[in-house]
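*Asks:* Submitted below is the structure of interest, expressed as structure tokens.
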Amino acid sequence: MIAIYARQSVDKKDSISIEMQIADCRKKVINHSEIKIYQDKGFSGANTDRPEFQHLMNDISKGRIQKVVVYKLDRISRSLCDFMNIQKRFNEYDVEFISVHEDFDTSTPVGKAMLNILMVFAEFERETIQGRVKEASYERMKQGFFVAGIAPVGFRKVSMKIAGKKTHCLEADPNTEWVIREIYELYAKQDTSIGSIVKKINQNLEYYGFPDAVSNIRISRILRNPVYVKADADVYQYLESKGADIVDDIAEYNGTRGCTLYGKRKNKTVSKFTDLNGAFAKLGWHEGLISGKQWLRVQYKLDNNKQVKNSGKGTHSWLSGIVRCGYCGYAIIIVDGQSTGRKYVNCGGRKDKKGCERKKGIIFDDIEKAVENDLLSHMMQYQYIRESRQKNHEQEVNQYKIELQKVEKAIKNIEEKILMLEADQFAMTIGVFNKKLEELYTQKQAIEQKIIQLRMIDTEEISDDAIEKYLASWKDLNIEEKKIIARLFIHTVYVKNDEICINYRINLNNQTQKDNN
């Protein structure tokens with residue numbers, strides 16, 4: 001039996017229709033009465049996952065096909081690798097292959113040689129087309145066009161013209177934008193976790209308008225996505241400090257338009273919002289939903305949670321991540337005593353033999369109890385003065401600016417030295433200079449991020465009602481909930497043989513003396 005195979009991916013005016021392909025193929029086998037037609041419409045030649053093509057290959061495996069005829073080589077495959085596998089199957093079952101357009105027949109040696117040459121060009125053409133599509137897509141992104149498929153929650157796609165070109169952009173969806181605002185408002189609160197938001201939404205999916213249960217990952221992506229932010233200069237600096245390439249000038253970041261990130265994921269399991277190195281950021285034509293200040297407050301909270309998570313599993317205690325050895329400064333590790341069943345303290349200094357001076361074993365339960373008593377007492381005395389805290393932040397920012405100026409001066413000095421190098425010196429010393437520049441640029445990036453973070457620190461007062469709530473419910477809270485509250489008040493806990501030093505975020509002793517005076 002003679003098989004005629006035809007494929008058309010897109011029905012366009014300038015493309016060869018399936019009917020025309022079949023008609024031309026019939027001319028090649030006009031004297032054969034037993035012909036079977038296989039046709040796939042709407043399928044790409046990039047792979048072999050096509051229903052009628054698979055049907056054809058199945059018939060070949062059963063010995064039903066003597067010859068396969070196609071209008072053009074790329075109708076059967078655009079991949080050289082795929083076609084080599086197909087041709088191997090053809091040879092295995094003594095199936096001849098004829099391409100009408102290229103006018104060759106694999107029953108002849110010349111036809112076989114020509115086939116291999118043409119497949120190389122078919123692969124090259126496909127890669128060229130892919131490159132053009134990527135370039136065109138990149139250019140559309142640079143102009144602020146929305147090139148993704150589905151609009152994010154809170155927005156809807158609308159048609160518009162930019163520079164005379166038809167495209168799609170985003171606009172706020174009145175039916176769902178309030179959901180995004182509520183998610184951000186909830187997470188911006190200091191005692192709210194992503195898990196608690198997920199639980200709240202899933203308990204009332206119909207109210208929030210989600211068709212299916214949401215996950216922690218989905219809410220995290222919503223909170224990370226800069227498409228929602230009214231991007232300002234601080235957002236620009238944050239994205240840049242995270243490694244993103246910024247398309248627009250910082251002057252364009254006027255606190256109005258949302259921002260879109262584009263870039264290939266380094267790992268399918270990693271969100272594109274997690275690692276911005278290699279990604280580029282472009283202002284869209286839509287107006288953001290969330291203020292820059294609130295969006296950044298959320299980012300710093302997420303960043304901090306990630307750091308806490310990386311410091312250990314944190315399943316042993318609500319103090320995990322903030323307890324350090326008072327001698328070597330390394331993070332405390334909680335270990336279970338094999339014979340006593342109690343939890344003991346270990347630290348990186350002793351574990352890695354870094355010269356820690358701790359002389360005796362310390363029971364972690366005793367530390368946890370002592371810190372708990374002091375923290376509850378601290379919360380009862382809590383007095384918060386915004387002006388004092390803001391003043392401290394301004395002093396820190398100024399100090400970081402001084403450090404930043406020194407680093408920038410050092411970078412400039414090295415760059416000037418490189419320009420002064422002679423040709424014979426360049427090859428010998430450029431490696432040393434590059435290493436030093438990398439270190440300085442890393443320092444600069446870290447300082448810039450600290451400045452941004454200090455500017456955006458939430459200075460809103462923790463209300464008396466919230467403190468009363470924490471105190472009343474403390475015993476009933478789980479480890480994760482206690483951890484969130486502890487981090488509102490405690491920066492670090494240092495542990496020595498017979499001493500515990502708690503570094504609170506607000507020094508109540510000094511503040512109380514000031515108020516009494």
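We label chains A, B, ... in the order they appear in the structure tokens, count residues from 1 in each chain, and number ligands from 1 in the order shown.
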Could you make a table, as CSV, of the residues of segment 23-51 of chain A that have an atom within 9 Å of an atom of segment 67-71 of chain A, each with its nearest atom pair and distance in Å to one decimal, counting only C-alpha atoms, in chain and number order?

*Replies:*
```
residue,atom,partner,partner_atom,distance
A:Asp24,CA,A:Tyr71,CA,6.7
A:Cys25,CA,A:Tyr71,CA,5.9
A:Arg26,CA,A:Val69,CA,8.6
A:Lys28,CA,A:Val69,CA,8.1
A:Val29,CA,A:Val69,CA,8.5
```

*Asks:* The selected residues should be written to file as a PDB file, in the first residue's frame (atoms: N, CA, C and O atoms).

*Replies:*
```pdb
ATOM      1  N   ASP A  24      -0.746  16.848  -5.375  1.00  0.00           N
ATOM      2  CA  ASP A  24       0.582  16.726  -5.984  1.00  0.00           C
ATOM      3  C   ASP A  24       1.195  15.357  -5.711  1.00  0.00           C
ATOM      4  O   ASP A  24       1.902  14.798  -6.570  1.00  0.00           O
ATOM      5  N   CYS A  25       0.956  14.811  -4.530  1.00  0.00           N
ATOM      6  CA  CYS A  25       1.493  13.488  -4.191  1.00  0.00           C
ATOM      7  C   CYS A  25       0.847  12.399  -5.050  1.00  0.00           C
ATOM      8  O   CYS A  25       1.507  11.425  -5.460  1.00  0.00           O
ATOM      9  N   ARG A  26      -0.445  12.542  -5.337  1.00  0.00           N
ATOM     10  CA  ARG A  26      -1.152  11.557  -6.159  1.00  0.00           C
ATOM     11  C   ARG A  26      -0.542  11.460  -7.560  1.00  0.00           C
ATOM     12  O   ARG A  26      -0.511  10.395  -8.177  1.00  0.00           O
ATOM     13  N   LYS A  28       2.474  11.559  -8.334  1.00  0.00           N
ATOM     14  CA  LYS A  28       3.667  10.723  -8.284  1.00  0.00           C
ATOM     15  C   LYS A  28       3.336   9.228  -8.271  1.00  0.00           C
ATOM     16  O   LYS A  28       4.166   8.395  -8.615  1.00  0.00           O
ATOM     17  N   VAL A  29       2.143   8.885  -7.818  1.00  0.00           N
ATOM     18  CA  VAL A  29       1.756   7.475  -7.680  1.00  0.00           C
ATOM     19  C   VAL A  29       0.455   7.218  -8.439  1.00  0.00           C
ATOM     20  O   VAL A  29      -0.406   6.474  -7.986  1.00  0.00           O
TER      21      VAL A  29
END
```

*Asks:* Could you pull the residues within 9 Å of Phe433 of chain A, counting only C-alpha atoms, minus those fewer than 6 positions along the same chain, as a ChimeraX atom specification?

*Replies:* /A:414-415,417-418

*Asks:* With only C-alpha atoms as the basis for distance, which of A:Lys230, A:Asp374, A:Val179, A:Lys436 is at the shortest distance from Leu205 of chain A?

*Replies:* A:Val179

*Asks:* Determine, counting only C-alpha atoms, which protein, DNA and RNA residues have an atom within 8 Å of an atom of Lys157 of chain A; residues of the same chain fewer than 6 positions away are not included. Present the result as a PDB file with all heavy atoms, in the first residue's frame.

*Replies:*
```
ATOM      1  N   ILE A 150      -1.979  34.325  29.453  1.00  0.00           N
ATOM      2  CA  ILE A 150      -3.118  34.631  30.321  1.00  0.00           C
ATOM      3  C   ILE A 150      -2.771  35.797  31.231  1.00  0.00           C
ATOM      4  O   ILE A 150      -1.676  35.860  31.788  1.00  0.00           O
ATOM      5  CB  ILE A 150      -3.497  33.398  31.168  1.00  0.00           C
ATOM      6  CG1 ILE A 150      -3.828  32.218  30.237  1.00  0.00           C
ATOM      7  CG2 ILE A 150      -4.665  33.702  32.085  1.00  0.00           C
ATOM      8  CD1 ILE A 150      -4.056  30.913  30.971  1.00  0.00           C
ATOM      9  N   ALA A 151      -3.706  36.716  31.384  1.00  0.00           N
ATOM     10  CA  ALA A 151      -3.488  37.864  32.271  1.00  0.00           C
ATOM     11  C   ALA A 151      -3.406  37.396  33.719  1.00  0.00           C
ATOM     12  O   ALA A 151      -4.150  36.499  34.128  1.00  0.00           O
ATOM     13  CB  ALA A 151      -4.612  38.867  32.100  1.00  0.00           C
ATOM     14  N   HIS A 168      -1.629  43.613  22.836  1.00  0.00           N
ATOM     15  CA  HIS A 168      -2.436  43.485  24.049  1.00  0.00           C
ATOM     16  C   HIS A 168      -1.688  44.110  25.219  1.00  0.00           C
ATOM     17  O   HIS A 168      -0.473  44.002  25.319  1.00  0.00           O
ATOM     18  CB  HIS A 168      -2.726  42.016  24.368  1.00  0.00           C
ATOM     19  CG  HIS A 168      -3.701  41.377  23.440  1.00  0.00           C
ATOM     20  ND1 HIS A 168      -3.304  40.639  22.347  1.00  0.00           N
ATOM     21  CD2 HIS A 168      -5.059  41.373  23.420  1.00  0.00           C
ATOM     22  CE1 HIS A 168      -4.367  40.203  21.704  1.00  0.00           C
ATOM     23  NE2 HIS A 168      -5.441  40.631  22.336  1.00  0.00           N
ATOM     24  N   CYS A 169      -2.425  44.756  26.067  1.00  0.00           N
ATOM     25  CA  CYS A 169      -1.880  45.287  27.312  1.00  0.00           C
ATOM     26  C   CYS A 169      -2.814  44.901  28.451  1.00  0.00           C
ATOM     27  O   CYS A 169      -3.871  44.306  28.228  1.00  0.00           O
ATOM     28  CB  CYS A 169      -1.725  46.803  27.223  1.00  0.00           C
ATOM     29  SG  CYS A 169      -0.435  47.311  26.068  1.00  0.00           S
ATOM     30  N   LEU A 170      -2.405  45.224  29.660  1.00  0.00           N
ATOM     31  CA  LEU A 170      -3.202  44.887  30.837  1.00  0.00           C
ATOM     32  C   LEU A 170      -3.956  46.105  31.353  1.00  0.00           C
ATOM     33  O   LEU A 170      -3.510  47.235  31.187  1.00  0.00           O
ATOM     34  CB  LEU A 170      -2.302  44.347  31.948  1.00  0.00           C
ATOM     35  CG  LEU A 170      -1.508  43.076  31.652  1.00  0.00           C
ATOM     36  CD1 LEU A 170      -0.586  42.754  32.819  1.00  0.00           C
ATOM     37  CD2 LEU A 170      -2.431  41.907  31.368  1.00  0.00           C
ATOM     38  N   GLU A 171      -5.072  45.841  31.986  1.00  0.00           N
ATOM     39  CA  GLU A 171      -5.765  46.868  32.752  1.00  0.00           C
ATOM     40  C   GLU A 171      -6.392  46.197  33.964  1.00  0.00           C
ATOM     41  O   GLU A 171      -6.649  44.984  33.968  1.00  0.00           O
ATOM     42  CB  GLU A 171      -6.823  47.596  31.919  1.00  0.00           C
ATOM     43  CG  GLU A 171      -8.063  46.798  31.599  1.00  0.00           C
ATOM     44  CD  GLU A 171      -9.146  47.643  30.929  1.00  0.00           C
ATOM     45  OE1 GLU A 171      -8.837  48.753  30.475  1.00  0.00           O
ATOM     46  OE2 GLU A 171     -10.298  47.168  30.857  1.00  0.00           O
TER      47      GLU A 171
END
```

*Asks:* Report as a VMD selection string all protein, DNA and RNA residues lying within 10 Å of Gln21 of chain A, evaluated on only C-alpha atoms, omitting residues in the same chain fewer than 3 positions from it.

*Replies:* chain A and resid 4 to 8 16 to 18 24 to 26 39 70 to 72 75 100 to 101

*Asks:* Using Å and a single decimal, report how far atom CA of Met380 of chain A sits from atom CA of Ser473 of chain A.

*Replies:* 13.7 Å

*Asks:* Could you pull the residues within 12 Å of Ile402 of chain A, counting only C-alpha atoms, minus those fewer than 5 positions along the same chain, as a PDB file with N, CA, C and O atoms, in the first residue's frame?

*Replies:*
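Dumped to result_24.pdb:
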```pdb
ATOM      1  N   GLN A 395      20.483  57.683  60.574  1.00  0.00           N
ATOM      2  CA  GLN A 395      21.903  57.589  60.905  1.00  0.00           C
ATOM      3  C   GLN A 395      22.550  56.378  60.230  1.00  0.00           C
ATOM      4  O   GLN A 395      23.657  56.468  59.703  1.00  0.00           O
ATOM      5  N   GLU A 396      21.826  55.241  60.235  1.00  0.00           N
ATOM      6  CA  GLU A 396      22.341  54.042  59.581  1.00  0.00           C
ATOM      7  C   GLU A 396      22.482  54.244  58.080  1.00  0.00           C
ATOM      8  O   GLU A 396      23.491  53.852  57.479  1.00  0.00           O
ATOM      9  N   VAL A 397      21.456  54.859  57.470  1.00  0.00           N
ATOM     10  CA  VAL A 397      21.488  55.117  56.029  1.00  0.00           C
ATOM     11  C   VAL A 397      22.671  56.006  55.680  1.00  0.00           C
ATOM     12  O   VAL A 397      23.386  55.765  54.693  1.00  0.00           O
ATOM     13  N   VAL A 407      33.475  52.593  48.500  1.00  0.00           N
ATOM     14  CA  VAL A 407      33.532  51.467  47.563  1.00  0.00           C
ATOM     15  C   VAL A 407      33.557  51.971  46.126  1.00  0.00           C
ATOM     16  O   VAL A 407      34.332  51.492  45.289  1.00  0.00           O
ATOM     17  N   GLU A 408      32.700  52.951  45.818  1.00  0.00           N
ATOM     18  CA  GLU A 408      32.656  53.506  44.462  1.00  0.00           C
ATOM     19  C   GLU A 408      33.984  54.167  44.090  1.00  0.00           C
ATOM     20  O   GLU A 408      34.438  54.081  42.942  1.00  0.00           O
ATOM     21  N   LYS A 409      34.618  54.803  45.065  1.00  0.00           N
ATOM     22  CA  LYS A 409      35.922  55.427  44.816  1.00  0.00           C
ATOM     23  C   LYS A 409      36.976  54.361  44.527  1.00  0.00           C
ATOM     24  O   LYS A 409      37.821  54.521  43.628  1.00  0.00           O
ATOM     25  N   LYS A 444      29.178  46.733  46.834  1.00  0.00           N
ATOM     26  CA  LYS A 444      28.327  47.861  46.448  1.00  0.00           C
ATOM     27  C   LYS A 444      26.867  47.430  46.384  1.00  0.00           C
ATOM     28  O   LYS A 444      25.978  48.128  46.887  1.00  0.00           O
ATOM     29  N   ILE A 447      25.447  46.936  49.918  1.00  0.00           N
ATOM     30  CA  ILE A 447      25.219  48.219  50.616  1.00  0.00           C
ATOM     31  C   ILE A 447      23.987  48.916  50.059  1.00  0.00           C
ATOM     32  O   ILE A 447      23.154  49.435  50.813  1.00  0.00           O
ATOM     33  N   GLU A 448      23.854  48.925  48.731  1.00  0.00           N
ATOM     34  CA  GLU A 448      22.686  49.574  48.110  1.00  0.00           C
ATOM     35  C   GLU A 448      21.393  48.927  48.569  1.00  0.00           C
ATOM     36  O   GLU A 448      20.405  49.615  48.827  1.00  0.00           O
ATOM     37  N   ILE A 451      20.553  50.026  52.120  1.00  0.00           N
ATOM     38  CA  ILE A 451      20.018  51.393  52.136  1.00  0.00           C
ATOM     39  C   ILE A 451      18.547  51.392  51.764  1.00  0.00           C
ATOM     40  O   ILE A 451      17.712  52.026  52.424  1.00  0.00           O
TER      41      ILE A 451
END
```

*Asks:* Which residues are close to Pro211 of chain A, i.e. within 12 Å by only C-alpha atoms, leaving aside same-chain residues fewer than 4 positions away? Reply as a PyMOL selection string.

*Replies:* chain A and resi 153+201-202+204-207

*Asks:* Which of these, A:Lys27, A:Arg224, A:Lys199, A:Arg257, has the shortest distance to Trp295 of chain A once you count only C-alpha atoms?

*Replies:*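 When distances to Trp295 of chain A are compared using only C-alpha atoms, the smallest one comes from A:Arg224.
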
*Asks:* Which distance in Å separates atom CA of Glu96 of chain A and atom CA of Lys41 of chain A, to one decimal?

*Replies:*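 These atoms are spaced 23.9 Å apart.
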
*Asks:* Just list as a list of chain:residue names whatever in segment 15-92 of chain A DSSP marks as strand (DSSP E).

*Replies:*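 Of segment 15-92 of chain A, only A:Ile35, A:Lys36, A:Ile37, A:Tyr38, A:Gln39, A:Asp40, A:Lys41, A:Lys67, A:Val68, A:Val69, A:Val70 fall in strand (DSSP E).
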